[in-house]
Structures are given as structure tokens and as C-alpha cells.
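Structure file input14.cif with mmCIF, C-alpha atoms:
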data_protein
#
loop_
_atom_site.label_atom_id
_atom_site.label_comp_id
_atom_site.auth_asym_id
_atom_site.auth_seq_id
_atom_site.Cartn_x
_atom_site.Cartn_y
_atom_site.Cartn_z
CA MET A 524 0.61 27.36 20.20
CA ILE A 525 -0.37 23.90 19.03
CA TRP A 526 2.97 23.09 17.41
CA ASP A 527 5.67 22.31 19.99
CA TRP A 528 9.15 23.05 18.65
CA SER A 529 11.12 21.53 21.54
CA TYR A 530 9.19 18.26 21.18
CA ALA A 531 9.82 18.32 17.43
CA VAL A 532 13.57 18.70 18.00
CA ASP A 533 13.51 15.92 20.63
CA ILE A 534 12.03 13.33 18.28
CA LEU A 535 14.13 14.26 15.26
CA PRO A 536 17.03 11.80 15.94
CA GLU A 537 14.59 8.89 16.38
CA LEU A 538 12.87 9.77 13.09
CA LEU A 539 16.20 10.05 11.29
CA ARG A 540 17.01 6.49 12.40
CA GLY A 541 13.74 5.49 10.73
CA LEU A 542 14.79 7.32 7.59
CA VAL A 543 17.96 5.18 7.47
CA VAL A 544 15.85 1.99 7.54
CA THR A 545 13.63 3.44 4.81
CA VAL A 546 16.60 4.21 2.59
CA GLU A 547 18.04 0.72 3.15
CA ALA A 548 14.73 -0.83 2.11
CA VAL A 549 14.64 1.31 -1.04
CA LEU A 550 18.22 0.47 -2.03
CA VAL A 551 17.77 -3.29 -1.76
CA GLY A 552 14.25 -3.05 -3.21
CA THR A 553 15.63 -1.16 -6.21
CA ILE A 554 18.27 -3.79 -6.96
CA LEU A 555 15.59 -6.50 -6.80
CA ALA A 556 13.14 -4.52 -8.95
CA LEU A 557 15.75 -3.75 -11.60
CA ALA A 558 16.97 -7.37 -11.83
CA LEU A 559 13.54 -9.05 -11.72
CA GLY A 560 12.06 -6.53 -14.14
CA LEU A 561 14.74 -7.35 -16.68
CA LEU A 562 14.06 -11.06 -16.20
CA TRP A 563 10.28 -10.59 -16.79
CA THR A 564 10.96 -8.50 -19.90
CA VAL A 565 13.24 -11.09 -21.47
CA CYS A 566 10.79 -13.89 -20.61
CA ARG A 567 7.90 -11.93 -22.14
CA ARG A 568 9.83 -11.55 -25.39
CA SER A 569 10.70 -15.23 -25.53
CA PRO A 570 9.47 -17.07 -28.64
CA ARG A 571 8.28 -19.87 -26.33
CA ARG A 572 4.63 -19.15 -25.57
CA TRP A 573 4.50 -21.30 -22.44
CA LEU A 574 7.01 -18.82 -21.03
CA SER A 575 5.90 -15.49 -22.49
CA TYR A 576 2.14 -15.77 -21.82
CA PRO A 577 2.29 -16.62 -18.11
CA THR A 578 4.96 -13.96 -17.56
CA SER A 579 2.78 -11.30 -19.18
CA LEU A 580 -0.16 -12.31 -17.00
CA TRP A 581 2.05 -12.32 -13.90
CA VAL A 582 3.38 -8.81 -14.58
CA GLU A 583 -0.15 -7.54 -15.24
CA PHE A 584 -1.41 -9.16 -12.04
CA VAL A 585 1.36 -7.79 -9.82
CA ARG A 586 0.94 -4.33 -11.30
CA SER A 587 -2.81 -4.12 -10.82
CA THR A 588 -3.14 -5.39 -7.25
CA PRO A 589 -2.38 -3.37 -4.09
CA LEU A 590 1.14 -3.51 -2.70
CA LEU A 591 -0.27 -3.56 0.84
CA VAL A 592 -2.15 -6.81 0.19
CA GLN A 593 0.98 -8.28 -1.43
CA ILE A 594 2.97 -7.33 1.69
CA TYR A 595 0.42 -9.05 3.96
CA PHE A 596 0.36 -12.06 1.67
CA LEU A 597 4.14 -12.55 1.89
CA PHE A 598 4.22 -11.72 5.61
CA TYR A 599 1.66 -14.39 6.52
CA MET A 600 2.38 -16.95 3.79
CA LEU A 601 6.18 -17.22 3.84
CA PRO A 602 6.27 -18.67 7.40
CA GLU A 603 3.58 -21.20 6.39
CA ILE A 604 5.86 -22.58 3.70
CA GLY A 605 8.71 -22.70 6.22
CA LEU A 606 10.50 -19.51 5.22
CA THR A 607 10.80 -17.21 8.22
CA LEU A 608 12.19 -13.82 7.22
CA SER A 609 12.43 -10.67 9.29
CA PRO A 610 9.65 -8.12 8.62
CA LEU A 611 12.19 -5.85 6.90
CA LEU A 612 13.34 -8.61 4.53
CA THR A 613 9.74 -9.58 3.77
CA GLY A 614 8.93 -5.94 3.11
CA LEU A 615 11.76 -5.25 0.73
CA LEU A 616 11.04 -8.50 -1.08
CA ALA A 617 7.46 -7.26 -1.61
CA LEU A 618 8.67 -3.82 -2.73
CA GLY A 619 11.14 -5.40 -5.16
CA ILE A 620 8.56 -7.75 -6.68
CA HIS A 621 5.85 -5.08 -6.94
CA TYR A 622 8.10 -2.56 -8.63
CA SER A 623 9.67 -5.18 -10.92
CA ALA A 624 6.30 -5.16 -12.73
CA TYR A 625 6.75 -1.44 -13.37
CA THR A 626 10.42 -1.63 -14.36
CA SER A 627 9.54 -4.46 -16.73
CA GLU A 628 7.18 -2.10 -18.59
CA VAL A 629 9.95 0.52 -18.76
CA TYR A 630 12.50 -1.97 -20.12
CA ARG A 631 9.94 -3.14 -22.67
CA ALA A 632 9.47 0.41 -23.91
CA GLY A 633 13.26 0.74 -24.18
CA LEU A 634 13.61 -2.52 -26.11
CA ASN A 635 10.89 -1.47 -28.53
CA THR A 636 12.96 1.52 -29.62
CA VAL A 637 15.84 -0.70 -30.82
CA PRO A 638 15.48 -1.04 -34.61
CA ARG A 639 14.72 -4.51 -35.97
CA GLY A 640 17.87 -4.37 -38.09
CA GLN A 641 19.95 -4.63 -34.92
CA TRP A 642 18.40 -8.03 -34.16
CA ASP A 643 18.91 -9.16 -37.75
CA ALA A 644 22.52 -8.02 -37.70
CA ALA A 645 23.19 -9.89 -34.45
CA ARG A 646 21.66 -13.01 -35.96
CA ALA A 647 23.76 -12.60 -39.11
CA LEU A 648 26.84 -12.47 -36.87
CA ASN A 649 25.72 -15.77 -35.33
CA PHE A 650 25.27 -14.25 -31.85
CA SER A 651 23.42 -16.38 -29.31
CA ARG A 652 20.29 -14.92 -27.65
CA TYR A 653 22.34 -14.09 -24.60
CA GLN A 654 25.09 -12.38 -26.63
CA THR A 655 22.51 -10.43 -28.62
CA TYR A 656 20.90 -9.02 -25.48
CA ARG A 657 24.17 -8.49 -23.64
CA HIS A 658 26.23 -6.83 -26.39
CA VAL A 659 23.74 -5.40 -28.87
CA ILE A 660 20.29 -4.77 -27.43
CA PHE A 661 20.74 -3.76 -23.78
CA PRO A 662 23.52 -1.20 -24.40
CA GLN A 663 21.13 0.63 -26.73
CA ALA A 664 17.83 0.01 -24.95
CA ILE A 665 18.62 0.68 -21.30
CA PRO A 666 20.43 4.05 -21.06
CA PRO A 667 17.51 6.05 -22.55
CA VAL A 668 15.07 4.64 -19.98
CA ILE A 669 17.23 5.29 -16.90
CA PRO A 670 15.30 8.47 -15.94
CA ALA A 671 12.00 6.57 -16.15
CA LEU A 672 13.47 3.87 -13.91
CA GLY A 673 14.59 6.62 -11.53
CA ASN A 674 11.02 7.88 -11.25
CA TYR A 675 9.89 4.43 -10.14
CA VAL A 676 12.62 4.35 -7.50
CA ILE A 677 11.13 7.59 -6.14
CA ALA A 678 7.66 6.02 -6.27
CA MET A 679 9.00 3.02 -4.34
CA PHE A 680 10.46 5.36 -1.74
CA LYS A 681 7.01 6.88 -1.25
CA ASP A 682 5.48 3.42 -0.79
CA THR A 683 7.86 2.36 2.01
CA PRO A 684 5.49 3.62 4.77
CA MET A 685 3.37 0.56 3.96
CA LEU A 686 6.07 -1.54 5.61
CA SER A 687 4.85 -0.11 8.93
CA ALA A 688 1.84 -2.42 8.50
CA ILE A 689 4.12 -5.40 9.20
CA THR A 690 5.91 -3.68 12.10
CA VAL A 691 9.07 -2.62 10.23
CA LEU A 692 10.58 0.27 12.22
CA GLU A 693 10.79 2.66 9.28
CA LEU A 694 9.94 6.35 9.34
CA LEU A 695 6.14 6.18 9.68
CA GLN A 696 6.15 3.35 12.23
CA ARG A 697 8.51 5.31 14.49
CA ALA A 698 6.31 8.39 14.13
CA LYS A 699 3.26 6.32 15.11
CA ILE A 700 5.03 4.92 18.18
CA LEU A 701 6.23 8.39 19.22
CA GLY A 702 2.71 9.73 18.73
CA LYS A 703 1.14 7.01 20.86
CA GLU A 704 3.65 7.55 23.68
CA SER A 705 3.09 11.29 23.92
CA PHE A 706 -0.44 11.61 22.48
CA ARG A 707 1.04 14.15 20.08
CA PHE A 708 0.61 13.14 16.45
CA LEU A 709 0.95 16.54 14.83
CA GLU A 710 4.73 16.96 15.16
CA PRO A 711 5.91 13.43 14.25
CA LEU A 712 3.54 13.06 11.29
CA THR A 713 4.27 16.53 9.91
CA LEU A 714 8.02 15.95 10.24
CA VAL A 715 7.70 12.64 8.41
CA GLY A 716 5.76 14.35 5.63
CA GLY A 717 8.44 17.05 5.44
CA MET A 718 11.23 14.48 5.22
CA TYR A 719 9.46 12.69 2.37
CA LEU A 720 8.89 15.96 0.58
CA VAL A 721 12.53 17.06 0.84
CA ALA A 722 13.87 13.65 -0.18
CA SER A 723 11.51 13.33 -3.17
CA LEU A 724 12.27 16.83 -4.39
CA LEU A 725 16.02 16.16 -4.17
CA ALA A 726 15.60 12.83 -5.95
CA GLY A 727 13.49 14.58 -8.59
CA VAL A 728 16.32 17.05 -9.20
CA GLY A 729 18.69 14.08 -9.52
CA VAL A 730 16.49 12.40 -12.15
CA ALA A 731 16.17 15.66 -14.11
CA TRP A 732 19.97 15.97 -14.05
CA LEU A 733 20.32 12.39 -15.37
CA GLU A 734 17.88 13.20 -18.14
CA ARG A 735 19.93 16.23 -19.22
CA ARG A 736 23.16 14.23 -19.07
CA LEU A 737 21.70 11.52 -21.30
CA ALA A 738 20.34 14.08 -23.74
CA MET A 739 23.85 15.60 -23.96
CA ASP A 740 25.47 12.22 -24.54
CA LYS A 741 23.15 11.68 -27.46
CA GLU A 742 24.21 14.86 -29.27
CA MET B 1394 -20.20 -23.05 -2.23
CA PRO B 1395 -16.81 -24.65 -3.00
CA ALA B 1396 -13.76 -23.91 -0.86
CA PRO B 1397 -12.49 -20.35 -1.39
CA LEU B 1398 -15.80 -18.95 -2.66
CA ASP B 1399 -17.68 -19.57 0.61
CA LEU B 1400 -15.59 -16.69 2.01
CA LEU B 1401 -17.01 -14.23 -0.52
CA PRO B 1402 -20.19 -13.26 1.39
CA HIS B 1403 -18.02 -12.13 4.33
CA LEU B 1404 -16.07 -9.80 2.07
CA ILE B 1405 -19.01 -8.09 0.34
CA GLY B 1406 -19.33 -5.35 2.98
CA GLY B 1407 -15.64 -4.51 2.66
CA LEU B 1408 -15.84 -4.60 -1.12
CA TRP B 1409 -18.64 -2.03 -0.99
CA VAL B 1410 -16.46 0.32 1.13
CA THR B 1411 -13.58 -0.12 -1.35
CA ILE B 1412 -15.91 0.78 -4.23
CA GLN B 1413 -17.24 3.81 -2.34
CA VAL B 1414 -13.72 5.11 -1.66
CA THR B 1415 -12.71 4.49 -5.28
CA LEU B 1416 -15.74 6.33 -6.70
CA GLY B 1417 -15.55 9.20 -4.20
CA GLY B 1418 -11.79 9.48 -4.66
CA THR B 1419 -12.22 9.55 -8.44
CA LEU B 1420 -14.62 12.49 -8.16
CA VAL B 1421 -12.29 14.45 -5.83
CA ALA B 1422 -9.25 13.61 -7.98
CA PHE B 1423 -11.04 14.70 -11.15
CA VAL B 1424 -11.97 18.10 -9.73
CA CYS B 1425 -8.48 18.62 -8.25
CA SER B 1426 -6.80 17.58 -11.52
CA PHE B 1427 -8.64 20.20 -13.53
CA LEU B 1428 -8.44 22.97 -10.93
CA ALA B 1429 -4.70 22.51 -10.37
CA GLY B 1430 -3.88 21.60 -13.97
CA LEU B 1431 -5.59 24.72 -15.32
CA GLY B 1432 -4.22 26.71 -12.38
CA ARG B 1433 -0.68 25.89 -13.42
CA LEU B 1434 -1.40 27.39 -16.86
CA SER B 1435 -2.98 30.53 -15.40
CA ARG B 1436 -1.53 33.97 -16.11
CA ASP B 1437 -1.92 34.94 -12.44
CA PRO B 1438 1.34 34.12 -10.59
CA ILE B 1439 -0.51 33.56 -7.28
CA VAL B 1440 -2.85 30.97 -8.82
CA ARG B 1441 0.14 29.34 -10.53
CA GLY B 1442 2.06 29.23 -7.26
CA LEU B 1443 -0.85 27.74 -5.32
CA ALA B 1444 -1.40 25.04 -7.93
CA ARG B 1445 2.30 24.27 -8.03
CA GLY B 1446 2.52 24.07 -4.23
CA TYR B 1447 -0.43 21.68 -4.04
CA ILE B 1448 1.02 19.44 -6.76
CA GLU B 1449 4.53 19.33 -5.26
CA VAL B 1450 3.33 18.63 -1.71
CA PHE B 1451 0.91 15.85 -2.64
CA ARG B 1452 3.22 14.22 -5.17
CA GLY B 1453 6.28 14.61 -2.99
CA THR B 1454 4.92 12.94 0.14
CA SER B 1455 3.63 9.45 0.52
CA ALA B 1456 -0.10 8.64 0.19
CA LEU B 1457 -0.09 6.69 3.45
CA VAL B 1458 1.62 9.55 5.34
CA GLN B 1459 -1.05 11.89 3.93
CA LEU B 1460 -3.83 9.59 5.14
CA PHE B 1461 -2.31 9.42 8.61
CA TRP B 1462 -1.77 13.17 8.69
CA PHE B 1463 -5.38 13.89 7.72
CA TYR B 1464 -6.73 11.32 10.15
CA PHE B 1465 -4.51 11.81 13.22
CA ALA B 1466 -2.85 15.23 12.93
CA LEU B 1467 -5.42 17.46 11.18
CA PRO B 1468 -8.13 16.93 13.85
CA LEU B 1469 -5.68 18.35 16.42
CA LEU B 1470 -5.39 21.51 14.33
CA LEU B 1471 -9.11 21.80 13.57
CA GLY B 1472 -10.43 20.48 16.86
CA VAL B 1473 -12.91 18.14 15.14
CA ARG B 1474 -12.67 14.41 14.56
CA LEU B 1475 -13.12 13.52 10.90
CA ASP B 1476 -14.93 10.43 9.68
CA ALA B 1477 -12.51 7.80 8.35
CA LEU B 1478 -14.48 7.37 5.11
CA VAL B 1479 -14.40 11.12 4.44
CA VAL B 1480 -10.66 11.27 5.20
CA GLY B 1481 -10.00 8.29 2.93
CA ILE B 1482 -11.88 9.81 0.01
CA LEU B 1483 -10.38 13.28 0.47
CA ALA B 1484 -6.77 12.26 1.07
CA LEU B 1485 -6.62 9.73 -1.76
CA GLY B 1486 -8.51 12.07 -4.09
CA LEU B 1487 -6.11 14.91 -3.34
CA ASN B 1488 -3.13 12.59 -3.81
CA ILE B 1489 -4.21 11.19 -7.19
CA GLY B 1490 -5.48 14.64 -8.20
CA ALA B 1491 -1.95 16.02 -7.90
CA TYR B 1492 -0.73 13.43 -10.42
CA GLY B 1493 -3.82 14.10 -12.57
CA ALA B 1494 -3.06 17.83 -12.60
CA GLU B 1495 0.19 17.14 -14.41
CA VAL B 1496 -1.73 15.04 -16.95
CA VAL B 1497 -4.20 17.88 -17.55
CA ARG B 1498 -1.43 20.45 -17.83
CA GLY B 1499 0.59 18.28 -20.23
CA ALA B 1500 -2.39 17.53 -22.47
CA ILE B 1501 -3.42 21.18 -22.73
CA ALA B 1502 0.15 22.38 -23.26
CA ALA B 1503 0.47 19.89 -26.13
CA ILE B 1504 -2.34 21.52 -28.14
CA PRO B 1505 -0.62 23.18 -31.14
CA ARG B 1506 -0.29 26.94 -30.79
CA GLY B 1507 -1.98 27.41 -34.21
CA GLN B 1508 -5.27 26.05 -32.79
CA ILE B 1509 -5.39 28.80 -30.20
CA GLU B 1510 -4.36 31.47 -32.70
CA ALA B 1511 -7.13 30.28 -35.03
CA ALA B 1512 -9.64 30.49 -32.18
CA ILE B 1513 -8.50 34.03 -31.37
CA ALA B 1514 -8.80 34.96 -35.06
CA LEU B 1515 -12.39 33.68 -34.96
CA ASN B 1516 -13.02 36.07 -32.05
CA LEU B 1517 -13.82 33.29 -29.57
CA SER B 1518 -13.72 34.33 -25.90
CA PRO B 1519 -11.13 32.59 -23.65
CA TRP B 1520 -13.92 30.41 -22.23
CA GLN B 1521 -15.16 29.47 -25.72
CA ARG B 1522 -11.59 28.68 -26.80
CA MET B 1523 -11.20 26.32 -23.87
CA ARG B 1524 -14.67 24.78 -24.21
CA HIS B 1525 -14.85 24.27 -27.97
CA VAL B 1526 -11.26 24.08 -29.22
CA VAL B 1527 -8.74 23.11 -26.54
CA LEU B 1528 -10.58 20.73 -24.19
CA PRO B 1529 -12.18 18.45 -26.81
CA GLN B 1530 -8.71 17.69 -28.18
CA ALA B 1531 -6.91 17.59 -24.84
CA LEU B 1532 -9.45 15.21 -23.26
CA VAL B 1533 -8.61 12.50 -25.78
CA ALA B 1534 -4.94 12.73 -24.83
CA MET B 1535 -5.76 12.70 -21.10
CA LEU B 1536 -7.81 9.51 -21.11
CA PRO B 1537 -5.09 6.82 -21.20
CA PRO B 1538 -3.02 8.35 -18.36
CA PHE B 1539 -6.23 8.98 -16.38
CA GLY B 1540 -7.04 5.29 -16.75
CA ASN B 1541 -3.69 4.36 -15.23
CA LEU B 1542 -4.25 6.80 -12.37
CA LEU B 1543 -7.66 5.23 -11.68
CA ILE B 1544 -5.97 1.87 -11.20
CA GLU B 1545 -3.40 3.52 -8.91
CA LEU B 1546 -6.33 4.95 -6.95
CA LEU B 1547 -8.03 1.56 -6.66
CA LYS B 1548 -4.78 0.06 -5.36
CA ALA B 1549 -4.29 2.94 -2.95
CA THR B 1550 -7.73 2.35 -1.41
CA ALA B 1551 -6.21 -0.66 0.39
CA LEU B 1552 -4.39 1.92 2.55
CA VAL B 1553 -7.62 3.09 4.18
CA SER B 1554 -7.58 -0.23 6.06
CA MET B 1555 -4.82 1.35 8.17
CA ILE B 1556 -7.03 4.22 9.36
CA THR B 1557 -9.61 1.81 10.81
CA LEU B 1558 -11.89 1.72 7.77
CA THR B 1559 -13.20 -1.79 7.06
CA ASP B 1560 -12.56 -1.98 3.34
CA LEU B 1561 -11.92 -5.15 1.36
CA THR B 1562 -8.37 -5.53 2.74
CA ARG B 1563 -9.38 -5.04 6.38
CA ALA B 1564 -12.40 -7.33 5.99
CA GLY B 1565 -9.92 -9.92 4.72
CA MET B 1566 -7.64 -9.37 7.73
CA PHE B 1567 -10.58 -9.88 10.14
CA LEU B 1568 -11.64 -12.99 8.28
CA ARG B 1569 -8.09 -14.33 8.51
CA ASP B 1570 -8.04 -13.85 12.28
CA GLU B 1571 -11.27 -15.86 12.53
CA THR B 1572 -10.66 -18.66 10.07
CA LEU B 1573 -6.85 -18.78 9.64
CA ARG B 1574 -7.38 -19.68 5.97
CA THR B 1575 -4.58 -17.29 5.01
CA ALA B 1576 -3.73 -18.46 1.50
CA GLU B 1577 -7.33 -18.62 0.34
CA ILE B 1578 -8.27 -15.22 1.77
CA PHE B 1579 -5.31 -13.26 0.45
CA GLY B 1580 -5.48 -15.09 -2.87
CA LEU B 1581 -9.15 -14.14 -3.13
CA LEU B 1582 -8.41 -10.50 -2.21
CA LEU B 1583 -5.75 -10.23 -4.89
CA VAL B 1584 -8.04 -11.77 -7.50
CA ILE B 1585 -10.90 -9.40 -6.60
CA TYR B 1586 -8.60 -6.36 -6.90
CA PHE B 1587 -7.28 -7.73 -10.20
CA VAL B 1588 -10.80 -8.13 -11.58
CA LEU B 1589 -11.71 -4.59 -10.49
CA SER B 1590 -8.57 -3.27 -12.26
CA LEU B 1591 -9.48 -5.15 -15.43
CA GLY B 1592 -12.96 -3.64 -15.21
CA ILE B 1593 -11.48 -0.13 -15.01
CA THR B 1594 -9.14 -0.82 -17.95
CA HIS B 1595 -12.03 -1.98 -20.12
CA ALA B 1596 -14.31 0.89 -19.11
CA VAL B 1597 -11.59 3.45 -19.92
CA ARG B 1598 -10.96 1.80 -23.28
CA ARG B 1599 -14.66 2.03 -24.16
CA VAL B 1600 -14.73 5.71 -23.25
CA GLU B 1601 -11.57 6.24 -25.33
CA ARG B 1602 -13.21 4.67 -28.37
CA ALA B 1603 -16.36 6.74 -27.85
CA VAL B 1604 -14.54 10.10 -27.61
CA SER B 1605 -12.06 9.51 -30.38
CA ARG B 1606 -14.82 8.60 -32.84
CA GLY B 1607 -14.61 10.85 -35.86
CA MET B 1608 -11.08 11.96 -35.06
CA SER B 1609 -8.13 10.99 -37.16
#
Please, can you express the file's structure as C-alpha cells?
Amino acid sequence: MIWDWSYAVDILPELLRGLVVTVEAVLVGTILALALGLLWTVCRRSPRRWLSYPTSLWVEFVRSTPLLVQIYFLFYMLPEIGLTLSPLLTGLLALGIHYSAYTSEVYRAGLNTVPRGQWDAARALNFSRYQTYRHVIFPQAIPPVIPALGNYVIAMFKDTPMLSAITVLELLQRAKILGKESFRFLEPLTLVGGMYLVASLLAGVGVAWLERRLAMDKE
Amino acid sequence: MPAPLDLLPHLIGGLWVTIQVTLGGTLVAFVCSFLAGLGRLSRDPIVRGLARGYIEVFRGTSALVQLFWFYFALPLLLGVRLDALVVGILALGLNIGAYGAEVVRGAIAAIPRGQIEAAIALNLSPWQRMRHVVLPQALVAMLPPFGNLLIELLKATALVSMITLTDLTRAGMFLRDETLRTAEIFGLLLVIYFVLSLGITHAVRRVERAVSRGMS
């Protein structure tokens, strides 16, 4: 038998420790992506062109270049400008920035569904830009796009193995180390794949549940 | 050549590998998308189950884990070492194909029921219905999401650098070790990938215009 069950059970605790690091990276990365994405979206809608044009280009650029190269870029460049972060911090910064380009697109789609009259009404009430977004636009624009945001969180989760490229001890990196020690790659890599599959399927069920909840709220 | 551009000749070889993986992966992804997308709509429960299983597994696990599994674990099962380029093309093609299958399924499912009933009334065979009625309409709807997936594929090709394939990213890493011109090299890499993405976007848009000609 090629597959060794006792070895698979032996390495499970070590892999689960990697899963914890992965989940930590996703949680912090998500907060960053949600906050930065909102910032890009508001800047892109600004009437000031010197702000909206470069932001649009920036979002487009981040979205169409590989995350792995962005991770390397931050990993090697941050120390050169005197900012020495741990590999994990560098990695989740890269994840957050990369996915902020995607969340920005989602927010934009949400904002586009808010009728123009809402903006006019807020102006008629003498709301400032901040008040308009905070009290009128966001409460209508963001809840409908929460499931779409959730899907990008799952996508981010599936991109975390890239952090192994900068030595972060997440799931895949631990599997690689275990494999090199024992010359057995089949068990660690298959287990890692299985863990990703189970976690993504569960997260997918969660997003579907959110979608139903929101549809019910609407009725 | 001026400062960052003198690095370009050293990256051409890697760029060629990146283009090969992108083109090969596109072909594999295209075939997988249609096989699995049509499979999910099949009347045979076994075909449906197989298509569903493929889609869930490849969408549910990470692309990089799939690459590693195909490169390091699969040879242990098969007893043969696979070429990194072949693994890169296959694994990424299968990965993007799983996402593409959902695009194909969605586009075909969105064809109004009346179209199919009309085709049946005209006594068209199932193959003729697909070929002359359903696909021409569904393809138009598939193109924009396929374009996005192509860009995802291009970005994912950077991952093959981690299974020892000297693509654009890995060529850049080697060049960095030699010259230590970090900012210029990574800046150049990002710009090259960005230009390639723009190229894909424009190509897809041209195809979109060509196919939707004469349609309302």
C-alpha cells in the first residue's frame, strides 16, 4: 500500500497548527481587504480627477498582476525602505492589498444599484459627503454585496499557500517540510488538499446561507 | 538601453515559458470547461456526478496545492516523473477549467426554455439543437467571464515558478540574485504581467464584438 495511514495520523497535529496560521492570515487579510477596498471605491467616485484616475489605474494594476510577484515585491522591498516586517505580516499585507482590488469592484457594483434620487435627497438635506456615504449610501449598497465579498474571502483563503514562498509556516509550507524530512509527499500534500476542500465547502455553505438570509430580509 | 530596460533581454526566456503555460493552460481549461459544463447538464446521473466531483475538487482546493500535488505526490502514485511544463499546463488548465465549467453551465442554463421547445418542434436532433440554437447564443454570454478567467490563468502561471519551472517570475528571481536590482526587476515583472493582461482584455473585447455582430 502506497498510502501510509499511521504516518498520516502522525503529521495531522503539525498540519493543523499550519491551518491555524492560515486562518489567522485570512482573518487579518480580510479586514485589510474590506477596509482598503472601500477606500479605493470612494476615491474612484471622487469628483476630483487627480484622485479618481490614479486610483482606478492602481486598482486595475493590482488586480491584473500575480499575487505571488506582489508578495515577493513587498518581501524584498519593504526592508530596503527600512520597514522590517515578519514574513507573516508581509504576507497578509500582500493578501489584503491584492484582494482590496477585488472588494473594490464588488463595492462599486453595490454603489451602482443605489438610485440617483438617494444622492439628490441627501444633498437636499445638506448632508456632507461623509454623512451621505455613512447614513444613506452604504446602508443600502453594502448588505446586498456581502455574499460576493464572502466569495472573495474564500478565494483569499485558497491563495494563502503562496505565503509559503516567503517561508511563512502555513499549511503548505509545513507539508513541504514534513515531506522533505520523510521523503513522503503523498500523505502531507493530499491531507492539505483535503483540508482546503473541507474548509472551502463549509465556507461555501456559509455564504449560501448568508445569501438566503439577505433574500429573506428583503421580502 | 536605459536603466530598467537593459534587464529585458534576460527575461525573454522566462516570458516565453509564461506564454507557453498560458496558451497551453487555456487550451486545457477550454476543453475541461465544456466537458464538465455540459456534463453537469447531462441526463445521466453518473456523468453529472463525475462533472460535479471534478468541479468541486478543483474549485475547492488551492491552485498551488494542486500544482504541488501533481508535481510531487502524483509521480509517487504513477511511478513516473512528470515534466514540470506539462504539470504546470495540466494543473492550471484543470483548475481554471473547473471555474469555466460553471460559466458554461450557467450560460447554457440561461437560454430560454422556448428556444429549445422551438428547436424540438422543428425536429432538430439534440446535437443540432446544441450546435445551431443553444451554443451560438450561450457563447456570447460566456465570453466576458471567460476573459476574466484568462487573466486569472495568466496570473496563476506565476505559481509554476515554485515547481522549478523558469517562467517570467523565476527568471526575475534569478536575475535579482545576480544583480540585486530588486525594485527595477520586480517593477518590470509587474509591468510585463500588466501589459499581458491588457492584451488579453483587448483581444477578448474584439472577439466579443465579432461574435455579437448582428445580434440585438
Specify as an MDAnalysis selection string each residue included when the PyMOL selection byres ((chain B) within 10 of (chain A)) is applied to this file. chainID B and resid 1449:1459 1461:1470 1541 1544:1552 1554:1555 1561:1563 1565:1566 1569 1575:1576 1578:1580 1582:1591
Given the PyMOL selection byres ((chain B and resi 1416) around 12), the residues it picks as a PyMOL selection string: chain B and resi 1409-1415+1417-1423+1478+1481-1483+1485-1486+1543-1544+1546-1547+1550+1593
For CA of Thr690 (chain A) and CA of Leu1404 (chain B), quote the distance in Å rounded to one decimal.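 Separating CA of Thr690 (chain A) from CA of Leu1404 (chain B) is a distance of 24.9 Å.
The residues returned by the PyMOL selection byres ((chain B and resi 1433) around 10) for this structure are B:Phe1427, B:Leu1428, B:Ala1429, B:Gly1430, B:Leu1431, B:Gly1432, B:Leu1434, B:Ser1435, B:Arg1436, B:Asp1437, B:Pro1438, B:Ile1439, B:Val1440, B:Arg1441, B:Gly1442, B:Leu1443, B:Ala1444, B:Arg1445, B:Gly1446, B:Ile1448, B:Ala1494, B:Glu1495, B:Val1497, B:Arg1498.
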For region 562-577 of chain A, find every residue with an atom within 7 Å (counting all atoms listed in the file), except residues of its own chain fewer than 4 positions away, and show them as a ChimeraX atom specification. /A:558,581,627,630-631
Can you pull out the residues contacting Ala1511 (chain B)? Cut-off 12 Å, using all atoms listed in the file, and skip same-chain residues under 6 positions away; I want them as an MDAnalysis selection string. chainID B and resid 1505 1517:1518 1522 1526:1527
Expressed in Å to a single decimal, how great is the separation between CA of Met1535 (chain B) and CA of Asn1488 (chain B)?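 These two atoms are separated by 17.5 Å.
You will find CA of Leu539 (chain A) at 18.7 Å from CA of Val551 (chain A).
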Have a look at A:Leu648, A:Leu559, A:Ile534, A:Val637 and name the one nearest to Ala617 (chain A); count all atoms listed in the file.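 Ranking A:Leu648, A:Leu559, A:Ile534, A:Val637 by distance to Ala617 (chain A), first place goes to A:Leu559.
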Counting all atoms listed in the file, the residue of A:Leu686, A:Leu555, A:Leu737, A:Leu692 that sits nearest Tyr622 (chain A):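 Using all atoms listed in the file, the shortest distance to Tyr622 (chain A) belongs to A:Leu555.
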